[in-house]
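Asks: Below is the file entry12.txt, with compact mmCIF, C-alpha atoms.
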```txt
# COMPACT_ATOMS: atom_id res chain seq x y z
CA MET G 6 -24.16 -10.85 -16.29
CA THR G 7 -22.76 -11.62 -12.85
CA LYS G 8 -19.05 -11.90 -12.12
CA GLN G 9 -19.15 -15.70 -12.18
CA GLU G 10 -21.13 -15.83 -15.43
CA TYR G 11 -18.71 -13.39 -17.04
CA LEU G 12 -15.63 -15.32 -15.93
CA ASN G 13 -17.15 -18.64 -17.04
CA GLU G 14 -17.96 -17.23 -20.46
CA LEU G 15 -14.49 -15.69 -20.75
CA LYS G 16 -12.93 -19.03 -19.84
CA ALA G 17 -14.94 -20.81 -22.54
CA GLU G 18 -14.01 -18.16 -25.11
CA LEU G 19 -10.31 -18.28 -24.17
CA ASN G 20 -10.33 -22.06 -24.58
CA LYS G 21 -12.08 -21.68 -27.94
CA ASN G 22 -9.27 -19.34 -29.07
CA VAL G 23 -6.59 -21.70 -27.65
CA VAL G 24 -5.13 -18.87 -25.55
CA ALA G 25 -2.07 -19.69 -23.43
CA ASP G 26 -2.03 -19.01 -19.64
CA ALA G 27 -5.84 -18.85 -19.47
CA GLU G 28 -5.77 -19.22 -15.68
CA ASP G 29 -3.51 -16.16 -15.26
CA ILE G 30 -5.75 -14.11 -17.54
CA LEU G 31 -8.90 -15.14 -15.68
CA GLY G 32 -7.17 -14.18 -12.43
CA GLU G 33 -6.49 -10.72 -13.84
CA TYR G 34 -10.17 -10.18 -14.74
CA GLU G 35 -11.29 -11.54 -11.40
CA GLN G 36 -9.03 -8.99 -9.69
CA HIS G 37 -10.52 -6.27 -11.91
CA PHE G 38 -13.97 -7.26 -10.59
CA LEU G 39 -12.72 -7.12 -6.99
CA PHE G 40 -11.15 -3.67 -7.43
CA LYS G 41 -14.29 -2.33 -9.12
CA LEU G 42 -16.61 -3.87 -6.53
CA ALA G 43 -14.53 -2.16 -3.84
CA ASP G 44 -15.11 1.11 -5.71
CA GLY G 45 -18.88 0.57 -5.42
CA PHE G 46 -19.85 -0.75 -8.86
CA SER G 47 -22.29 -3.63 -9.28
CA GLU G 48 -21.21 -6.87 -10.95
CA GLU G 49 -23.52 -6.16 -13.91
CA GLU G 50 -22.04 -2.69 -14.49
CA ILE G 51 -18.50 -4.02 -14.31
CA ALA G 52 -19.27 -6.81 -16.77
CA VAL G 53 -20.80 -4.37 -19.27
CA ARG G 54 -17.86 -1.96 -19.02
CA LEU G 55 -15.30 -4.75 -19.50
CA GLY G 56 -16.67 -5.57 -22.95
CA ALA G 57 -17.98 -8.84 -24.37
CA PRO G 58 -15.94 -11.93 -23.35
CA ALA G 59 -15.79 -13.07 -26.98
CA GLN G 60 -14.13 -9.79 -28.01
CA ILE G 61 -11.69 -9.86 -25.10
CA ALA G 62 -10.70 -13.47 -25.82
CA ALA G 63 -10.18 -12.64 -29.50
CA GLN G 64 -7.61 -10.00 -28.51
CA TYR G 65 -5.60 -12.62 -26.64
CA ALA G 66 -5.46 -14.96 -29.63
CA GLY G 67 -1.95 -15.34 -31.02
CA ILE G 68 -0.08 -14.00 -27.98
CA PRO G 69 2.44 -16.68 -26.99
CA GLY G 70 2.36 -18.00 -23.43
CA GLU G 71 4.88 -17.13 -20.77
CA LYS G 72 7.85 -19.42 -20.48
CA LYS G 73 7.56 -21.67 -17.49
CA ALA G 74 9.81 -24.61 -16.76
CA LYS G 75 8.10 -27.67 -18.19
CA GLY G 76 8.75 -31.38 -18.63
CA GLY G 77 12.44 -32.34 -18.36
CA LYS G 78 13.51 -28.87 -17.31
CA ARG G 79 11.00 -28.93 -14.51
CA PHE G 80 12.24 -32.33 -13.39
CA PHE G 81 15.79 -31.03 -13.04
CA LEU G 82 14.58 -27.93 -11.23
CA VAL G 83 12.72 -30.07 -8.69
CA LEU G 84 15.77 -32.34 -8.32
CA TRP G 85 18.06 -29.34 -7.81
CA LEU G 86 15.73 -27.73 -5.28
CA THR G 87 15.50 -31.04 -3.41
CA ILE G 88 19.29 -31.38 -3.19
CA ILE G 89 19.65 -27.83 -1.91
CA GLY G 90 16.73 -28.51 0.41
CA ILE G 91 18.53 -31.43 2.10
CA PHE G 92 21.49 -29.19 2.92
CA GLU G 93 19.21 -26.39 4.04
CA VAL G 94 17.30 -28.68 6.41
CA MET G 95 20.64 -29.84 7.89
CA LEU G 96 21.73 -26.23 8.37
CA TYR G 97 18.41 -25.19 9.90
CA GLY G 98 18.44 -28.27 12.13
CA ALA G 99 21.91 -27.44 13.45
CA PHE G 100 20.86 -23.85 14.03
CA LEU G 101 17.75 -25.01 15.88
CA TRP G 102 19.88 -27.22 18.16
CA PHE G 103 22.15 -24.27 18.84
CA ILE G 104 19.14 -22.16 19.79
CA GLY G 105 17.93 -24.94 22.08
CA ALA G 106 21.35 -25.08 23.73
CA LEU G 107 21.35 -21.32 24.08
CA PHE G 108 17.97 -21.45 25.81
CA CYS G 109 19.19 -24.12 28.21
CA ALA G 110 22.37 -22.12 28.85
CA SER G 111 20.28 -19.10 29.77
CA GLN G 112 18.66 -21.12 32.58
CA VAL G 113 21.98 -21.73 34.37
CA PRO G 114 22.80 -18.14 35.40
CA ALA G 115 19.11 -17.71 36.27
CA ALA G 116 19.24 -20.64 38.71
CA LEU G 117 22.53 -19.47 40.23
CA GLY G 118 21.25 -15.90 40.49
CA ILE G 119 18.11 -17.00 42.33
CA GLU G 120 20.22 -19.11 44.70
CA LEU G 121 22.50 -16.18 45.47
CA ILE G 122 19.59 -13.80 46.06
CA ALA G 123 17.72 -16.34 48.18
CA GLY G 124 20.87 -17.08 50.18
CA LEU G 125 20.73 -20.78 49.26
CA ASN G 126 23.65 -22.94 48.26
CA TYR G 127 22.04 -26.02 46.75
CA LEU G 128 24.61 -28.73 45.91
CA ASN G 129 27.22 -26.49 47.53
CA ILE G 130 28.45 -25.12 44.19
CA LEU G 131 28.52 -21.42 45.10
CA PRO G 132 31.67 -19.84 46.52
CA PRO G 133 31.34 -18.19 49.92
CA MET G 134 30.73 -14.43 49.98
CA PRO G 135 28.97 -11.89 52.17
CA TYR G 136 25.23 -11.47 51.47
CA GLY G 137 25.68 -7.89 50.20
CA GLY G 138 27.90 -9.14 47.40
CA ALA G 139 25.71 -12.21 46.80
CA ILE G 140 22.57 -10.18 46.13
CA VAL G 141 24.38 -7.89 43.67
CA PHE G 142 26.00 -10.83 41.86
CA GLY G 143 22.65 -12.62 41.92
CA ILE G 144 21.01 -9.72 40.08
CA THR G 145 23.97 -9.61 37.67
CA LEU G 146 23.52 -13.29 36.87
CA LEU G 147 19.79 -12.79 36.29
CA ALA G 148 20.65 -10.02 33.82
CA ALA G 149 23.08 -12.39 32.09
CA SER G 150 20.30 -14.95 31.84
CA VAL G 151 18.00 -12.37 30.24
CA LEU G 152 20.79 -11.47 27.79
CA LEU G 153 21.16 -15.09 26.69
CA LEU G 154 17.41 -15.50 26.45
CA VAL G 155 16.99 -12.41 24.24
CA PHE G 156 19.87 -13.64 22.10
CA ALA G 157 18.11 -17.00 21.73
CA ILE G 158 14.88 -15.21 20.72
CA TYR G 159 16.76 -13.19 18.08
CA CYS G 160 18.39 -16.35 16.76
CA PHE G 161 15.03 -18.08 16.57
CA ALA G 162 13.49 -15.13 14.70
CA TYR G 163 16.46 -15.21 12.33
CA LEU G 164 15.97 -18.91 11.68
CA ARG G 165 12.27 -18.44 11.06
CA GLN G 166 12.98 -15.67 8.56
CA MET G 167 15.61 -17.83 6.82
CA VAL G 168 13.03 -20.57 6.32
CA ARG G 169 10.50 -18.05 5.03
CA VAL G 170 12.98 -16.56 2.55
CA SER G 171 13.85 -20.04 1.34
CA LEU G 172 10.19 -21.02 0.87
CA ARG G 173 9.43 -17.81 -1.03
CA TRP G 174 12.46 -18.38 -3.24
CA ARG G 175 11.33 -21.93 -4.00
CA LYS G 176 7.82 -20.76 -4.86
CA ASN G 177 9.28 -18.14 -7.23
CA MET G 178 11.52 -20.74 -8.88
CA MET G 179 8.58 -23.05 -9.52
CA SER G 180 6.12 -20.47 -10.88
CA GLY G 181 6.68 -17.96 -13.62
CA GLU G 182 5.45 -15.01 -11.61
CA ALA G 183 7.87 -13.71 -9.02
CA LEU G 184 6.77 -12.36 -5.67
CA PRO G 185 9.30 -9.92 -4.23
CA GLN G 186 12.14 -11.45 -2.27
CA LEU G 187 11.85 -11.24 1.49
CA PRO G 188 14.49 -9.46 3.58
CA MET G 189 16.96 -11.74 5.35
CA SER G 190 16.78 -9.95 8.69
CA PRO G 191 14.07 -11.01 11.14
CA GLN G 192 10.87 -9.00 10.90
CA PHE G 193 9.44 -8.07 14.28
CA LYS G 194 6.38 -5.94 14.83
CA PRO G 195 7.57 -2.42 15.80
CA LYS G 196 6.17 -2.87 19.31
CA THR G 197 7.93 -6.22 19.82
CA ARG G 198 11.17 -4.85 18.38
CA ARG G 199 11.12 -1.85 20.71
CA ALA G 200 10.33 -4.06 23.72
CA LEU G 201 13.13 -6.51 22.87
CA ARG G 202 15.59 -3.68 22.38
CA SER G 203 14.81 -2.01 25.68
CA ILE G 204 14.94 -5.35 27.53
CA LEU G 205 18.33 -5.98 25.93
CA LEU G 206 19.63 -2.52 26.85
CA TRP G 207 18.46 -2.81 30.45
CA ALA G 208 19.96 -6.28 30.78
CA VAL G 209 23.33 -5.06 29.47
CA LEU G 210 23.20 -2.05 31.76
CA ILE G 211 22.26 -4.06 34.87
CA PHE G 212 24.85 -6.69 34.01
CA ALA G 213 27.64 -4.11 33.66
CA ILE G 214 26.68 -2.08 36.73
CA GLY G 215 26.08 -5.22 38.80
CA PHE G 216 29.41 -6.72 37.85
CA VAL G 217 31.32 -3.55 38.76
CA ALA G 218 29.29 -2.99 41.94
CA GLY G 219 29.70 -6.60 43.07
CA TYR G 220 33.41 -6.43 42.47
CA ALA G 221 33.61 -3.17 44.43
CA ILE G 222 31.56 -4.49 47.37
CA LEU G 223 33.72 -7.58 47.75
CA THR G 224 36.90 -5.53 47.32
CA ILE G 225 35.82 -3.22 50.15
CA TYR G 226 34.71 -6.15 52.30
CA THR G 227 38.03 -8.00 51.92
CA HIS G 228 40.32 -4.97 51.51
CA SER G 229 41.79 -6.72 48.48
CA PHE G 230 41.36 -6.38 44.71
CA GLY G 231 41.87 -10.08 44.43
CA PHE G 232 38.97 -10.75 46.80
CA TRP G 233 38.66 -14.37 45.66
CA HIS G 234 41.91 -15.11 47.47
CA ALA G 235 40.68 -13.64 50.72
CA LEU G 236 37.27 -15.36 50.41
CA GLY G 237 38.87 -18.70 49.72
CA TRP G 238 37.45 -19.31 46.25
CA PHE G 239 39.01 -21.74 43.77
CA GLY G 240 40.74 -23.63 46.54
CA TYR G 241 42.62 -20.69 48.06
CA PRO G 242 42.80 -20.74 51.87
CA ALA G 243 40.18 -18.28 53.20
CA THR G 244 41.48 -15.45 55.31
CA VAL G 245 38.34 -13.34 55.80
CA TYR G 246 35.19 -15.44 55.55
CA MET B 7 -14.16 8.12 -32.67
CA ASN B 8 -13.26 5.20 -34.87
CA ILE B 9 -12.18 2.10 -32.91
CA GLN B 10 -9.22 1.41 -35.22
CA TYR B 11 -7.61 4.76 -34.40
CA LYS B 12 -7.88 4.10 -30.70
CA LYS B 13 -6.41 0.61 -30.84
CA GLY B 14 -3.30 1.89 -32.57
CA VAL B 15 -2.54 4.67 -30.14
CA LEU B 16 -3.60 2.80 -27.01
CA GLU B 17 -0.30 0.91 -26.96
CA LEU B 18 1.59 4.20 -27.21
CA CYS B 19 -0.48 5.64 -24.35
CA VAL B 20 0.34 2.64 -22.13
CA LEU B 21 4.05 2.96 -22.91
CA SER B 22 3.84 6.66 -22.12
CA LEU B 23 2.27 5.98 -18.70
CA LEU B 24 4.89 3.35 -17.91
CA ALA B 25 7.71 5.67 -18.95
CA LYS B 26 6.86 7.81 -15.91
CA ARG B 27 6.51 5.11 -13.26
CA ASP B 28 5.42 1.51 -12.71
CA TRP B 29 1.66 0.95 -12.77
CA TYR B 30 -0.47 -2.06 -11.96
CA GLY B 31 -2.98 -3.36 -14.49
CA TYR B 32 -6.16 -2.06 -12.91
CA GLU B 33 -4.67 1.41 -12.50
CA ILE B 34 -3.85 1.62 -16.21
CA SER B 35 -7.27 0.31 -17.18
CA GLU B 36 -8.99 2.86 -14.93
CA TYR B 37 -6.87 5.78 -16.10
CA LEU B 38 -7.26 5.11 -19.81
CA SER B 39 -10.94 4.19 -19.77
CA ARG B 40 -11.64 7.49 -18.02
CA LYS B 41 -9.79 9.51 -20.70
CA ILE B 42 -10.49 7.46 -23.82
CA ASP B 43 -13.79 5.77 -24.60
CA ILE B 44 -12.70 2.12 -24.57
CA ALA B 45 -14.00 -1.03 -22.88
CA ASP B 46 -12.29 -1.61 -19.52
CA GLY B 47 -11.21 -5.08 -20.60
CA THR B 48 -9.15 -3.91 -23.59
CA VAL B 49 -6.03 -2.93 -21.65
CA TYR B 50 -5.23 -6.38 -20.23
CA PRO B 51 -4.66 -8.14 -23.58
CA LEU B 52 -2.55 -5.18 -24.64
CA LEU B 53 -0.36 -5.46 -21.55
CA ARG B 54 0.08 -9.17 -22.13
CA LYS B 55 1.12 -8.51 -25.72
CA LEU B 56 3.63 -5.87 -24.60
CA LYS B 57 5.07 -8.36 -22.15
CA SER B 58 5.36 -11.15 -24.70
CA ASP B 59 7.06 -8.65 -27.06
CA GLY B 60 9.58 -7.94 -24.31
CA LEU B 61 8.69 -4.26 -23.94
CA VAL B 62 7.52 -4.57 -20.34
CA THR B 63 8.24 -6.87 -17.42
CA THR B 64 5.98 -7.60 -14.48
CA TYR B 65 6.56 -8.09 -10.81
CA LEU B 66 4.18 -8.79 -7.97
CA SER B 67 3.99 -6.50 -5.00
CA GLU B 68 2.24 -7.34 -1.76
CA GLU B 69 -0.10 -4.65 -0.54
CA SER B 70 -1.54 -4.63 2.94
CA GLY B 71 -4.99 -6.17 2.68
CA GLY B 72 -5.75 -7.73 -0.68
CA PRO B 73 -4.07 -9.96 -3.22
CA PRO B 74 -0.60 -9.13 -4.57
CA ARG B 75 -0.72 -6.58 -7.38
CA LYS B 76 0.98 -7.20 -10.69
CA TYR B 77 3.04 -4.16 -11.56
CA TYR B 78 4.23 -3.39 -15.07
CA SER B 79 7.62 -1.84 -15.73
CA LEU B 80 9.25 -0.76 -19.01
CA THR B 81 12.29 -2.72 -20.19
CA LYS B 82 15.22 -1.14 -22.04
CA ALA B 83 13.61 -2.32 -25.30
CA GLY B 84 10.33 -0.76 -24.12
CA ARG B 85 11.98 2.60 -23.50
CA ASP B 86 13.62 2.57 -26.92
CA ALA B 87 10.37 1.55 -28.61
CA TYR B 88 8.47 4.29 -26.79
CA ALA B 89 11.03 6.97 -27.72
CA SER B 90 10.91 6.14 -31.45
CA ASP B 91 7.14 5.46 -31.59
CA ARG B 92 6.46 8.72 -29.82
CA THR B 93 8.49 10.74 -32.35
CA ASP B 94 6.86 8.88 -35.23
CA TYR B 95 3.39 9.48 -33.87
CA LEU B 96 3.93 13.17 -33.15
CA ASN B 97 5.34 13.76 -36.64
CA PHE B 98 2.49 11.79 -38.17
CA ALA B 99 -0.15 13.66 -36.16
CA ALA B 100 1.40 17.02 -37.08
CA THR B 101 1.36 16.09 -40.77
CA VAL B 102 -2.25 14.90 -40.59
CA GLN B 103 -3.24 18.11 -38.86
CA THR B 104 -1.53 20.24 -41.53
CA ILE B 105 -3.29 18.33 -44.29
CA LEU B 106 -6.67 18.57 -42.61
CA GLU B 107 -6.31 22.29 -41.99
CA GLU B 108 -5.19 22.93 -45.59
CA GLN B 109 -8.35 21.14 -46.77
CA GLU B 110 -10.60 23.42 -44.73
CA THR B 111 -9.33 26.70 -46.17
```
Written as structure tokens, that's how I'd like the structure from this file.

Replies:
Amino acid sequence: MTKQEYLNELKAELNKNVVADAEDILGEYEQHFLFKLADGFSEEEIAVRLGAPAQIAAQYAGIPGEKKAKGGKRFFLVLWLTIIGIFEVMLYGAFLWFIGALFCASQVPAALGIELIAGLNYLNILPPMPYGGAIVFGITLLAASVLLLVFAIYCFAYLRQMVRVSLRWRKNMMSGEALPQLPMSPQFKPKTRRALRSILLWAVLIFAIGFVAGYAILTIYTHSFGFWHALGWFGYPATVY
Amino acid sequence: MNIQYKKGVLELCVLSLLAKRDWYGYEISEYLSRKIDIADGTVYPLLRKLKSDGLVTTYLSEESGGPPRKYYSLTKAGRDAYASDRTDYLNFAATVQTILEEQET
């Protein structure tokens, strides 16, 4: 008897004995075939060793089925899940907008940083400063951009995991058999996680060093801790530049 | 060995395995059919009966490569049932052995 013949016969015998959850039971025997086949047995051998389908089915007779939500109960479950779902979609939507905004926000320091490094002043929005300070602050702003970008990536991974957890939970609520709950924290591949972490660390480091160094350079250049006065930023009259 | 003997103690054997750790169905079937001469397919109905009696619960666990495995785990009621059935069986077996040995001499 091949696997398919065995399972067909078992199905017929289970129906004859009015056994509950016949599909689950058939799934179990199908898995048994798969495990055994992986161990190198032929379908015929496996079928013989399982025992006659009629005998197996007879052993299932009289065992009550597993309790699954049915009829009215099921209707309320679906209704309940739908109501929660509406709120969840609103929450996820808001979170997605926030991530979008975060991504856009990360582009601003990047643009300013490139301008500073390139010595441009498009739209005349950058305050005057010597090029030595500009290049350091430019790099600092690029690091800030990377920080925001990595934060946006983390947020997106978090959102994705939240949706996954929710879908798994729904599936478990609807079916009797529970798959394990998923962790709430985002699941990166080890390689990706390591890469993200080192990018984050470098960005923080460059941002901190750049900020301090930029401040120091401008302080030395203007001989003043409040260099923005001397350089004429924020509407102060310039005394140095 | 008579099939009726085996059927009775098979349940106790399954409970004994599950008292140590959680097993998945195929594992139990493989282990028992190697030790006791039974058809491989006998264990699954037994597990389903234990579950419907409330002695075991099941949970699915995702393994890398392959479908999720259904693990069986003893409930509180299952542990209690195993403890008392085990004592009963051991006493019974000891008595039977004494009687059989008396008969021989």

Asks: Nearest residue to chain G out of B:Leu80, B:Ile105, B:Leu66, B:Ala87, using only C-alpha atoms?

Replies: B:Leu66

Asks: Mind dumping a table of every chain B residue within 10 Å of chain G, with the nearest atom pair and its distance in Å to one decimal, using only C-alpha atoms, sorted by chain and rising number, as a tab-separated table?

Replies:
```
residue	atom	partner	partner_atom	distance
B:Gly31	CA	G:Glu33	CA	8.2
B:Tyr32	CA	G:His37	CA	6.1
B:Glu33	CA	G:Phe40	CA	9.7
B:Ser35	CA	G:His37	CA	9.0
B:Glu36	CA	G:Lys41	CA	9.4
B:Ser39	CA	G:Arg54	CA	9.3
B:Ile44	CA	G:Arg54	CA	8.6
B:Ala45	CA	G:Leu55	CA	5.2
B:Asp46	CA	G:Leu55	CA	4.3
B:Gly47	CA	G:Leu55	CA	4.2
B:Thr48	CA	G:Ile61	CA	6.6
B:Val49	CA	G:Ile61	CA	9.6
B:Tyr50	CA	G:Glu33	CA	7.8
B:Pro51	CA	G:Tyr65	CA	5.5
B:Leu52	CA	G:Gln64	CA	8.0
B:Arg54	CA	G:Ile68	CA	7.6
B:Lys55	CA	G:Ile68	CA	6.1
B:Leu56	CA	G:Ile68	CA	9.6
B:Lys57	CA	G:Glu71	CA	8.9
B:Ser58	CA	G:Pro69	CA	6.7
B:Asp59	CA	G:Ile68	CA	9.0
B:Thr64	CA	G:Glu182	CA	8.0
B:Tyr65	CA	G:Ala183	CA	6.0
B:Leu66	CA	G:Leu184	CA	5.0
B:Ser67	CA	G:Pro185	CA	6.4
B:Glu68	CA	G:Leu184	CA	7.8
B:Gly72	CA	G:Leu39	CA	9.4
B:Pro73	CA	G:Gln36	CA	8.2
B:Pro74	CA	G:Leu184	CA	8.1
B:Arg75	CA	G:Gln36	CA	9.0
B:Lys76	CA	G:Glu33	CA	8.8
```

Asks: Please write the residues from the selection above to a file, keeping C-alpha atoms, as a JSON list (two decimals), keeping the file's coordinate frame.

Replies:
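The resulting file, out.json, is reproduced below:
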```
[["chain", "number", "residue", "atom", "x", "y", "z"],
["B", 31, "GLY", "CA", -2.98, -3.36, -14.49],
["B", 32, "TYR", "CA", -6.16, -2.06, -12.91],
["B", 33, "GLU", "CA", -4.67, 1.41, -12.50],
["B", 35, "SER", "CA", -7.27, 0.31, -17.18],
["B", 36, "GLU", "CA", -8.99, 2.86, -14.93],
["B", 39, "SER", "CA", -10.94, 4.19, -19.77],
["B", 44, "ILE", "CA", -12.70, 2.12, -24.57],
["B", 45, "ALA", "CA", -14.00, -1.03, -22.88],
["B", 46, "ASP", "CA", -12.29, -1.61, -19.52],
["B", 47, "GLY", "CA", -11.21, -5.08, -20.60],
["B", 48, "THR", "CA", -9.15, -3.91, -23.59],
["B", 49, "VAL", "CA", -6.03, -2.93, -21.65],
["B", 50, "TYR", "CA", -5.23, -6.38, -20.23],
["B", 51, "PRO", "CA", -4.66, -8.14, -23.58],
["B", 52, "LEU", "CA", -2.55, -5.18, -24.64],
["B", 54, "ARG", "CA", 0.08, -9.17, -22.13],
["B", 55, "LYS", "CA", 1.12, -8.51, -25.72],
["B", 56, "LEU", "CA", 3.63, -5.87, -24.60],
["B", 57, "LYS", "CA", 5.07, -8.36, -22.15],
["B", 58, "SER", "CA", 5.36, -11.15, -24.70],
["B", 59, "ASP", "CA", 7.06, -8.65, -27.06],
["B", 64, "THR", "CA", 5.98, -7.60, -14.48],
["B", 65, "TYR", "CA", 6.56, -8.09, -10.81],
["B", 66, "LEU", "CA", 4.18, -8.79, -7.97],
["B", 67, "SER", "CA", 3.99, -6.50, -5.00],
["B", 68, "GLU", "CA", 2.24, -7.34, -1.76],
["B", 72, "GLY", "CA", -5.75, -7.73, -0.68],
["B", 73, "PRO", "CA", -4.07, -9.96, -3.22],
["B", 74, "PRO", "CA", -0.60, -9.13, -4.57],
["B", 75, "ARG", "CA", -0.72, -6.58, -7.38],
["B", 76, "LYS", "CA", 0.98, -7.20, -10.69]]
```

Asks: Counting only C-alpha atoms, what is within 7 Å of stretch 154-171 of chain G, bar same-chain residues fewer than 5 positions away, as a list in words?

Replies: Tyr97, Ile104, Leu107, Phe108, Ser111, Leu187, Met189, Ser190, Pro191 and Leu205 of chain G

Asks: Find the distance between atom CA of B:Leu61 and atom CA of G:Arg175 and write it in Å to one decimal.

Replies: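 Distance between the two atoms: 26.8 Å.
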
Asks: To one decimal place in Å, what is the distance between atom CA of G:Leu146 and atom CA of G:Gly118?

Replies: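 Computing the Euclidean distance for atom CA of G:Leu146 and atom CA of G:Gly118 yields 5.0 Å.
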
Asks: What is the atom CA of G:Ala243 to atom CA of G:Tyr220 distance in Å?

Replies: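 One can read the atom CA of G:Ala243 to atom CA of G:Tyr220 distance as 17.4 Å.
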